[in-house]
Structures are given as C-alpha cells and as structure tokens.
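As structure tokens, the structure follows; a few thoughts come after it.
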Amino acid sequence: MAEIPLIRATALTKSFTSRGRTTRAIADITFAQAEGEFLGVVGPSGCGKTTLLRCLAGLDHPDTGTIEFDGHPITGIPPALSVVFQEYNRSLFPWLTTLENVRFPLRRPSSLGRRARAATREQAREALSRVGLADFADHHPWQLSGGMQQRVALARAIVSRPRLLLMDEPFASVDAQTRATLEQLTITLTVELGLTVLLITHDIDEAIFMSDRVLVLAARPTHILRELPIDLPRPRDDVETRALPLFQNHRRDIHHLLSPTPDS
Ligand SMILES: Nc1ncnc2c1ncn2[C@@H]1O[C@H](COP(=O)(O)OP(=O)(O)OP(=O)(O)O)[C@@H](O)[C@H]1O
Ligand SMILES: [Mg+2]
C-alpha cells in the first residue's frame, strides 16, 4: 500500500507495575488503519483493549514500539482525534447543558470574540441535530436517558470533525434496542462525515456489523490473533445483514478464535 495509513502502531508493548507485581497488558501489537476505514477491535475482558486505546489516543505511552498518526510519531494527544468512552455518565459535565457539553472542545474562552463564540454554538447545534437531539440543547445530561447521553458524547466527539474517532465499548452500558440504534447512527455519521473510526468492543456481532476489518485480540498479554476483512455489503441492515451466511461465518470464526481451548 503506497498510501500513508492514518494510524500505524508498530511493535507496541505495555506493562503495569504496582506493589511489586508486573502485569503485561500488551505483548506485541502491530497494525495500520487507512483513512476512511472502519476498524473493529474485539477481545475478551481485561485483555488490554483500553490500554491500547489510551496509547493510540496519546493518553498513555507504550513501553516500547511506535505510534504514527498520518506519518508522524505521536508526541501527545493528536489534535485531530476524538474519543468516545464507555461511561457516558462520567464523560459529560453535569453542570453544563448538552449544547455546552458539545461545544466544549471548540471553546477557547478568553481568545474568542462574540461572533466566533456564536459560530461555535452553531457548530454544536448542528452536531446535536445530527444525533437527533436538536430539541434537547438546553437540557442537562442528568435529564437525559443513558442512550441520549451517549448521543451527546457522540455529538461532542464529531463537532470538531476529527480525522480519527476512537470508541471504547461505547454502547456497552445501554439496552439492546438502544445499542442497535446507536450502532446505526454511528454508521450513518461515518458515511455522512467521512469519518475514520476505530471501535473497541467485546461484542463480536457489533464488531462484524460495523467494521470493514476486525482485529481479534488474544487474552492478556494481548496480541493480534487474526485480522479479518469483513466484506459484507453496505449499507448494512440490522436484520438483513445479520442474517447473511457470511455474517454467521465471521461470527463462528471469531468465536472459535476466542474460545478457550479444552486444555487451557
Ligand atoms: N493503570 C493501571 N495500573 C495497573 N494495571 C493496569 C492499569 N490499567 C490496566 N491495567 C491492567 O492491564 C490489563 C488490561 O487492562 P485493560 O483495561 O486495558 O483491559 P480491557 O481489555 O480494556 O478490559 P475490559 O474489557 O474489562 O474493559 C488488566 O489486567 C488491568 O488490570
Ligand atoms: Mg476496557
């Protein structure tokens, strides 16, 4: 591939030491993601998925290995990157309205003039309406359901038009119906805004349904067991796509890779 990938991780390793005990979270991870690609990362609980995401987001440093964003080694949090975390109730500011939460990444309080402030409010309104919450701009997060709060988090993540959207189990805390709606909304936003998304999940079906390619991670210390291209047709439909034999083959393959062997 001649093109420079948007993100490239090479030979990452990461351990944690506390009270004299060392935990190897990442054994060895190498992968690249192209601009415009929807990459799913699936792995068992505790395998090191969040650790990987934190390294990619510049929130933590790998012990060894390199991460490049658009061909340049990352030295901090890349500005063209947004993250959606699992815990929406801890990631939104309860004292701000939904509009102000969404506008937050655009705020430069002292330097912005009145007109520029109005423009960022307009951008935040636009992002809120993209996630279907135009009528809730003046509500506070605690006045919204869990699914609605996660929509606010999504609006906040896209308001700055990031080049890369990292999502860490974003729909794990909502019910199945809301989850399906949020998955579809994320796909729609991806298409409308031309986003590049890296989605971390322990839900195999979700990874297959949403992704162009899935990395299957092994249990801790994590490494990549398999890279699986998902050539299911788009647009994907919650019922039709999941019923396709190809979908079920992918599901079987990943289950098989992640199931403990009888003697392990
Ligand atoms: N700051 C830390 N200090 C010590 N150990 C840590 C720290 N962060 C993570 N770990 C350990 O690293 C391993 C991987 O954790 P991580 O949170 O990345 O897993 P995960 O795949 O995201 O899990 P889950 O599916 O439950 O979210 C775990 O054993 C965890 O206890
Ligand atoms: Mg995690």
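Following the order of the structure tokens, first chain is A, next is B, and so on, with residues numbered from 1 inside each chain and ligands from 1 in the order they appear.
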Closest atom pairs, chain A residues within 7 Å of ligand 2, only C-alpha atoms and all ligand atoms, as CSV:
residue,atom,partner,partner_atom_place_in_ligand_line,distance
A:Gly46,CA,ligand 2,1 (Mg),6.7
A:Gly48,CA,ligand 2,1 (Mg),6.9
A:Lys49,CA,ligand 2,1 (Mg),5.4
A:Thr50,CA,ligand 2,1 (Mg),4.1
A:Asp168,CA,ligand 2,1 (Mg),6.7
- [ ] Apply DSSP to the structure's backbone, then extract all residues of region 81-212 of chain A labelled strand (DSSP E or B) and return them as a PyMOL selection string.
- [x] chain A and resi 81-84+164-168+196-201
I need the residues from that last selection saved to file as a compact mmCIF listing (two decimals), in the first residue's frame (with all heavy atoms), if you can.
# COMPACT_ATOMS: atom_id res chain seq x y z
N LEU A 81 -8.10 14.17 16.76
CA LEU A 81 -8.59 12.88 17.25
C LEU A 81 -9.63 13.10 18.35
O LEU A 81 -9.49 14.00 19.17
CB LEU A 81 -7.37 12.13 17.79
CG LEU A 81 -7.52 10.77 18.43
CD1 LEU A 81 -6.30 9.93 18.05
CD2 LEU A 81 -7.60 10.88 19.93
N SER A 82 -10.69 12.29 18.32
CA SER A 82 -11.70 12.36 19.39
C SER A 82 -11.90 10.96 19.97
O SER A 82 -11.69 9.97 19.27
CB SER A 82 -13.05 12.83 18.85
OG SER A 82 -13.02 14.16 18.50
N VAL A 83 -12.36 10.92 21.21
CA VAL A 83 -12.58 9.63 21.86
C VAL A 83 -14.00 9.60 22.46
O VAL A 83 -14.46 10.59 23.02
CB VAL A 83 -11.57 9.40 23.02
CG1 VAL A 83 -11.74 8.00 23.60
CG2 VAL A 83 -10.14 9.59 22.55
N VAL A 84 -14.68 8.46 22.29
CA VAL A 84 -15.93 8.22 23.00
C VAL A 84 -15.69 7.07 23.97
O VAL A 84 -15.28 5.97 23.55
CB VAL A 84 -17.09 7.86 22.05
CG1 VAL A 84 -18.36 7.52 22.83
CG2 VAL A 84 -17.38 9.00 21.08
N LEU A 164 -9.75 11.06 13.19
CA LEU A 164 -9.88 9.70 13.73
C LEU A 164 -10.78 9.75 14.96
O LEU A 164 -10.59 10.56 15.86
CB LEU A 164 -8.50 9.14 14.13
CG LEU A 164 -8.51 7.73 14.73
CD1 LEU A 164 -8.99 6.70 13.71
CD2 LEU A 164 -7.11 7.35 15.22
N LEU A 165 -11.78 8.86 14.96
CA LEU A 165 -12.67 8.73 16.11
C LEU A 165 -12.38 7.40 16.78
O LEU A 165 -12.53 6.34 16.17
CB LEU A 165 -14.12 8.80 15.63
CG LEU A 165 -15.22 8.63 16.67
CD1 LEU A 165 -15.13 9.69 17.76
CD2 LEU A 165 -16.61 8.71 15.99
N LEU A 166 -11.92 7.46 18.04
CA LEU A 166 -11.66 6.24 18.81
C LEU A 166 -12.84 5.99 19.72
O LEU A 166 -13.28 6.90 20.43
CB LEU A 166 -10.40 6.41 19.67
CG LEU A 166 -9.07 6.62 18.95
CD1 LEU A 166 -7.96 6.86 19.97
CD2 LEU A 166 -8.72 5.40 18.11
N MET A 167 -13.35 4.77 19.72
CA MET A 167 -14.51 4.46 20.56
C MET A 167 -14.19 3.23 21.42
O MET A 167 -13.82 2.19 20.89
CB MET A 167 -15.73 4.18 19.69
CG MET A 167 -16.04 5.30 18.70
SD MET A 167 -17.52 4.99 17.72
CE MET A 167 -18.76 5.75 18.76
N ASP A 168 -14.34 3.39 22.75
CA ASP A 168 -14.02 2.28 23.66
C ASP A 168 -15.31 1.72 24.25
O ASP A 168 -15.88 2.30 25.17
CB ASP A 168 -13.11 2.80 24.78
CG ASP A 168 -12.57 1.65 25.64
OD1 ASP A 168 -12.81 0.47 25.30
OD2 ASP A 168 -11.91 1.95 26.65
N THR A 196 -13.05 8.29 9.97
CA THR A 196 -12.28 7.07 10.16
C THR A 196 -12.49 6.67 11.62
O THR A 196 -12.25 7.47 12.52
CB THR A 196 -10.78 7.34 9.92
OG1 THR A 196 -10.64 7.91 8.61
CG2 THR A 196 -9.95 6.06 10.01
N VAL A 197 -12.98 5.45 11.85
CA VAL A 197 -13.35 5.05 13.20
C VAL A 197 -12.59 3.80 13.62
O VAL A 197 -12.47 2.84 12.83
CB VAL A 197 -14.87 4.75 13.31
CG1 VAL A 197 -15.27 4.39 14.74
CG2 VAL A 197 -15.70 5.92 12.82
N LEU A 198 -12.07 3.81 14.85
CA LEU A 198 -11.53 2.59 15.45
C LEU A 198 -12.43 2.27 16.64
O LEU A 198 -12.51 3.05 17.59
CB LEU A 198 -10.08 2.80 15.89
CG LEU A 198 -9.36 1.52 16.36
CD1 LEU A 198 -7.88 1.59 16.00
CD2 LEU A 198 -9.49 1.30 17.85
N LEU A 199 -13.15 1.16 16.53
CA LEU A 199 -14.14 0.78 17.54
C LEU A 199 -13.64 -0.41 18.34
O LEU A 199 -13.39 -1.48 17.79
CB LEU A 199 -15.45 0.40 16.86
CG LEU A 199 -16.51 -0.22 17.78
CD1 LEU A 199 -17.29 0.85 18.53
CD2 LEU A 199 -17.47 -1.10 16.99
N ILE A 200 -13.50 -0.20 19.65
CA ILE A 200 -13.11 -1.29 20.53
C ILE A 200 -14.35 -1.86 21.18
O ILE A 200 -15.21 -1.12 21.66
CB ILE A 200 -12.12 -0.76 21.58
CG1 ILE A 200 -10.80 -0.50 20.88
CG2 ILE A 200 -11.99 -1.73 22.74
CD1 ILE A 200 -9.67 -0.15 21.79
N THR A 201 -14.50 -3.16 21.16
CA THR A 201 -15.70 -3.78 21.73
C THR A 201 -15.39 -5.22 22.14
O THR A 201 -14.45 -5.82 21.64
CB THR A 201 -16.86 -3.75 20.70
OG1 THR A 201 -17.99 -4.38 21.25
CG2 THR A 201 -16.49 -4.41 19.39
- [ ] May I ask you to write as a count of residues only all residues lying at most 12 Å from ligand 1, with only C-alpha atoms and all ligand atoms counted?
- [x] 55
TODO: Run DSSP on the backbone and give me the residues of region 2-147 of chain A it puts in helix (DSSP H, G or I), as a count of residues only.
DONE: 46
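Between CA of Leu144 (chain A) and CA of Arg107 (chain A) lies a distance of 23.2 Å.
Taking CA of Asp238 (chain A) and CA of Gly194 (chain A) as the two end points, the separation is 21.0 Å.
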